[in-house]
Amino acid sequence: MKLTAFITGATSGIGKATAEIFAKNNIRLILCGRRADRLQELQIVLSKLTQVTTLQFDVSKRNEVEKAIKSLPKDFQQIDILINNAGNAHGLSTIQDGNIDDWDAMMDINVKGLLYVSKAIIPQMTERNSGFIVNIGSIAAKEVYPNGNVYCASKHAVDALNKGMRIDLNKHNIRVSAIHPGAVETEFSEVRFKGDTEKAKSVYAGYKALQAEDIADIIHFVVTRPYHVNIEDLVVYPTAQASATIMNKNS
Ligand code: NDP
Ligand code: 8X3
């Protein structure tokens, strides 16, 4: 049976690479993000491999989320796999110097956005007693590092929600997994440093960071295990990274 996956944050980085590997493996795709041009481009390319539809919405806007998901064409209404990936860090400051707009963005997108999307999709999964939810956390879900305060709090919330979903959805036969990457070379740092490309590049200098494809490959592995197998929690580092703050930059 052909599976349908709903991927948030499909316009770049981990979400885009996941869309690409899913398409190669004949998984039907619902690709989401705010940047319409990128969604359109992806649809053109990946439609050569599988059926693709796109939804342009901001995960942090509850009405937009509900409206977008209700608008899905008939062939895409049954969602087998939800990849809760949309998210970013905004800023890197001490708590005393933190920017409240950045805090709002991280909590609204990384936590509330994930909840809004999940709330709109879970009912059809509980009704069918099947489905798979993959939550993209971070090593920031497992440890707190200097200046990471609110981003780490948002990802600790994702870790808690992952566990909560797994417990509450267990009786409905729904699989729930979290994947927690270390440093992945995507647009993540450009967003964190608000377009400062030099600063963003320096995050990945001197060692081999994870690539978006590495995480996508793992996501694909996780969702293609036999149905009785649920990989619940996976932390993935680059070889050069031992913790959020311990990095071998001469490797
Ligand atoms: P990117 O910046 O490359 O991608 C982020 C994606 O999230 C984009 O597709 C973006 O789409 C989408 N997004 C951001 N805000 C919103 C919003 N308000 N509404 C809808 N979509 C949104 O970063 P990554 O691929 O690295 O990040 C993906 C996930 O992985 C995030 O949850 C991140 O926290 C996590 N992560 C990343 C790590 C890294 O080192 N890169 C490590 C650990 C975890 P658009 O702008 O078009 O809306
Ligand atoms: C992204 C990785 O170390 O910047 O979640 O928090 S880190």
# chains A, B, ... in the order shown; residues from 1 in each chain; ligands from 1
>>> residues_near_ligand(ligand="ligand 2", cutoff="7 Å", atoms="only C-alpha atoms and all ligand atoms", output="MDAnalysis selection string")
chainID A and resid 138:140 148 152 181:183 244
>>> residues_near_ligand(ligand="ligand 1", cutoff="8 Å", atoms="only C-alpha atoms and all ligand atoms", output="PyMOL selection string")
chain A and resi 8-16+32-36+38-39+56-61+84-89+105+108-110+113+136-140+155+180-191+210+212
>>> closest_residue(among="A:Val176, A:Val222, A:Leu82, A:Val45", to="Ile7 in chain A", atoms="only C-alpha atoms")
A:Leu82
>>> closest_residue(among="A:Ile179, A:Met125, A:Leu115, A:Val65", to="Gly164 in chain A", atoms="only C-alpha atoms")
A:Leu115
>>> residues_around(residues="range 141-144 of chain A", least_positions_apart="5", cutoff="9 Å", atoms="only C-alpha atoms", output="ChimeraX atom specification")
/A:149,151-160,180,235,243-244
>>> write_last_selection(atoms="N, CA and C atoms", output="compact mmCIF listing (two decimals), in the first residue's frame")
# COMPACT_ATOMS: atom_id res chain seq x y z
N ASN A 149 19.29 28.87 26.16
CA ASN A 149 18.11 28.91 27.05
C ASN A 149 16.72 28.61 26.42
N TYR A 151 15.66 28.34 23.17
CA TYR A 151 15.64 27.29 22.13
C TYR A 151 15.68 25.91 22.81
N CYS A 152 16.57 25.75 23.80
CA CYS A 152 16.65 24.47 24.51
C CYS A 152 15.32 24.16 25.22
N ALA A 153 14.71 25.18 25.80
CA ALA A 153 13.40 24.96 26.46
C ALA A 153 12.37 24.48 25.44
N SER A 154 12.39 25.09 24.25
CA SER A 154 11.40 24.69 23.24
C SER A 154 11.63 23.24 22.81
N LYS A 155 12.89 22.83 22.72
CA LYS A 155 13.17 21.46 22.28
C LYS A 155 13.00 20.46 23.43
N HIS A 156 13.24 20.89 24.69
CA HIS A 156 12.89 20.03 25.81
C HIS A 156 11.37 19.77 25.80
N ALA A 157 10.61 20.80 25.41
CA ALA A 157 9.15 20.61 25.32
C ALA A 157 8.81 19.58 24.24
N VAL A 158 9.55 19.62 23.13
CA VAL A 158 9.30 18.63 22.06
C VAL A 158 9.58 17.21 22.59
N ASP A 159 10.65 17.09 23.37
CA ASP A 159 11.00 15.79 23.96
C ASP A 159 9.85 15.30 24.86
N ALA A 160 9.34 16.21 25.69
CA ALA A 160 8.24 15.83 26.60
C ALA A 160 6.98 15.49 25.81
N HIS A 180 16.83 13.32 17.46
CA HIS A 180 17.49 14.49 18.06
C HIS A 180 18.87 14.68 17.43
N VAL A 235 19.38 9.90 19.32
CA VAL A 235 20.26 11.07 19.34
C VAL A 235 21.37 10.82 18.31
N SER A 243 29.14 16.71 22.51
CA SER A 243 27.99 17.29 23.22
C SER A 243 27.72 18.62 22.53
N ALA A 244 26.71 19.33 23.00
CA ALA A 244 26.39 20.62 22.35
C ALA A 244 27.61 21.54 22.36
>>> closest_residue(among="A:Val203, A:Val236, A:Leu169, A:Ala17", to="Thr126 in chain A", atoms="only C-alpha atoms")
A:Leu169
>>> atom_distance(atom1="CA of Leu29 in chain A", atom2="CA of Asp80 in chain A")
10.4 Å
>>> select_by_dssp(residues="range 70-168 of chain A", states="alpha helix (DSSP H)", output="PyMOL selection string")
chain A and resi 70+100-106+114-128+149-168
>>> decode(residues="range 119-192 of chain A", atoms="C-alpha atoms", output="JSON list (two decimals), in the first residue's frame")
[["chain", "number", "residue", "atom", "x", "y", "z"],
["A", 119, "LYS", "CA", -3.95, 18.20, 16.79],
["A", 120, "ALA", "CA", -5.28, 18.55, 13.25],
["A", 121, "ILE", "CA", -3.91, 15.19, 12.11],
["A", 122, "ILE", "CA", -4.07, 12.87, 15.14],
["A", 123, "PRO", "CA", -7.89, 12.37, 15.07],
["A", 124, "GLN", "CA", -7.79, 10.53, 11.73],
["A", 125, "MET", "CA", -4.97, 8.34, 13.08],
["A", 126, "THR", "CA", -6.82, 7.44, 16.29],
["A", 127, "GLU", "CA", -9.93, 6.70, 14.21],
["A", 128, "ARG", "CA", -7.99, 4.31, 11.97],
["A", 129, "ASN", "CA", -5.85, 2.95, 14.84],
["A", 130, "SER", "CA", -2.74, 3.46, 12.77],
["A", 131, "GLY", "CA", -0.24, 6.16, 11.96],
["A", 132, "PHE", "CA", 3.30, 7.32, 12.59],
["A", 133, "ILE", "CA", 4.44, 10.63, 14.09],
["A", 134, "VAL", "CA", 8.12, 11.61, 13.93],
["A", 135, "ASN", "CA", 9.06, 14.63, 16.02],
["A", 136, "ILE", "CA", 12.33, 16.37, 15.19],
["A", 137, "GLY", "CA", 13.86, 17.41, 18.49],
["A", 138, "SER", "CA", 17.54, 18.26, 18.91],
["A", 139, "ILE", "CA", 20.44, 17.67, 21.24],
["A", 140, "ALA", "CA", 19.02, 20.91, 22.67],
["A", 141, "ALA", "CA", 16.15, 18.69, 23.86],
["A", 142, "LYS", "CA", 18.60, 16.68, 25.93],
["A", 143, "GLU", "CA", 20.99, 19.30, 27.26],
["A", 144, "VAL", "CA", 21.08, 23.03, 27.88],
["A", 145, "TYR", "CA", 24.07, 25.01, 26.61],
["A", 146, "PRO", "CA", 25.21, 28.59, 27.23],
["A", 147, "ASN", "CA", 22.95, 31.12, 25.44],
["A", 148, "GLY", "CA", 20.67, 28.32, 24.24],
["A", 149, "ASN", "CA", 18.11, 28.91, 27.05],
["A", 150, "VAL", "CA", 14.78, 29.38, 25.20],
["A", 151, "TYR", "CA", 15.64, 27.29, 22.13],
["A", 152, "CYS", "CA", 16.65, 24.47, 24.51],
["A", 153, "ALA", "CA", 13.40, 24.96, 26.46],
["A", 154, "SER", "CA", 11.40, 24.69, 23.24],
["A", 155, "LYS", "CA", 13.17, 21.46, 22.28],
["A", 156, "HIS", "CA", 12.89, 20.03, 25.81],
["A", 157, "ALA", "CA", 9.15, 20.61, 25.32],
["A", 158, "VAL", "CA", 9.30, 18.63, 22.06],
["A", 159, "ASP", "CA", 11.00, 15.79, 23.96],
["A", 160, "ALA", "CA", 8.24, 15.83, 26.60],
["A", 161, "LEU", "CA", 5.51, 16.00, 23.96],
["A", 162, "ASN", "CA", 7.06, 13.08, 22.13],
["A", 163, "LYS", "CA", 6.89, 10.99, 25.30],
["A", 164, "GLY", "CA", 3.36, 12.23, 26.03],
["A", 165, "MET", "CA", 2.16, 11.35, 22.53],
["A", 166, "ARG", "CA", 3.74, 7.92, 22.74],
["A", 167, "ILE", "CA", 1.92, 7.20, 26.02],
["A", 168, "ASP", "CA", -1.47, 8.61, 25.02],
["A", 169, "LEU", "CA", -1.51, 7.20, 21.49],
["A", 170, "ASN", "CA", -0.22, 3.78, 22.51],
["A", 171, "LYS", "CA", -3.72, 2.31, 22.82],
["A", 172, "HIS", "CA", -4.42, 3.46, 19.28],
["A", 173, "ASN", "CA", -1.52, 1.51, 17.80],
["A", 174, "ILE", "CA", 0.16, 4.74, 16.65],
["A", 175, "ARG", "CA", 3.93, 4.86, 16.45],
["A", 176, "VAL", "CA", 5.71, 7.94, 17.81],
["A", 177, "SER", "CA", 9.43, 8.69, 17.44],
["A", 178, "ALA", "CA", 11.77, 11.55, 18.19],
["A", 179, "ILE", "CA", 15.03, 12.14, 16.38],
["A", 180, "HIS", "CA", 17.49, 14.49, 18.06],
["A", 181, "PRO", "CA", 20.27, 15.70, 15.76],
["A", 182, "GLY", "CA", 23.47, 17.48, 16.72],
["A", 183, "ALA", "CA", 24.95, 19.98, 14.27],
["A", 184, "VAL", "CA", 23.40, 19.65, 10.81],
["A", 185, "GLU", "CA", 24.61, 21.95, 8.04],
["A", 186, "THR", "CA", 21.37, 23.55, 6.81],
["A", 187, "GLU", "CA", 19.90, 27.05, 6.79],
["A", 188, "PHE", "CA", 19.42, 26.64, 10.56],
["A", 189, "SER", "CA", 22.35, 28.88, 11.58],
["A", 190, "GLU", "CA", 21.49, 31.50, 8.95],
["A", 191, "VAL", "CA", 18.09, 31.79, 10.57],
["A", 192, "ARG", "CA", 19.56, 31.75, 14.10]]
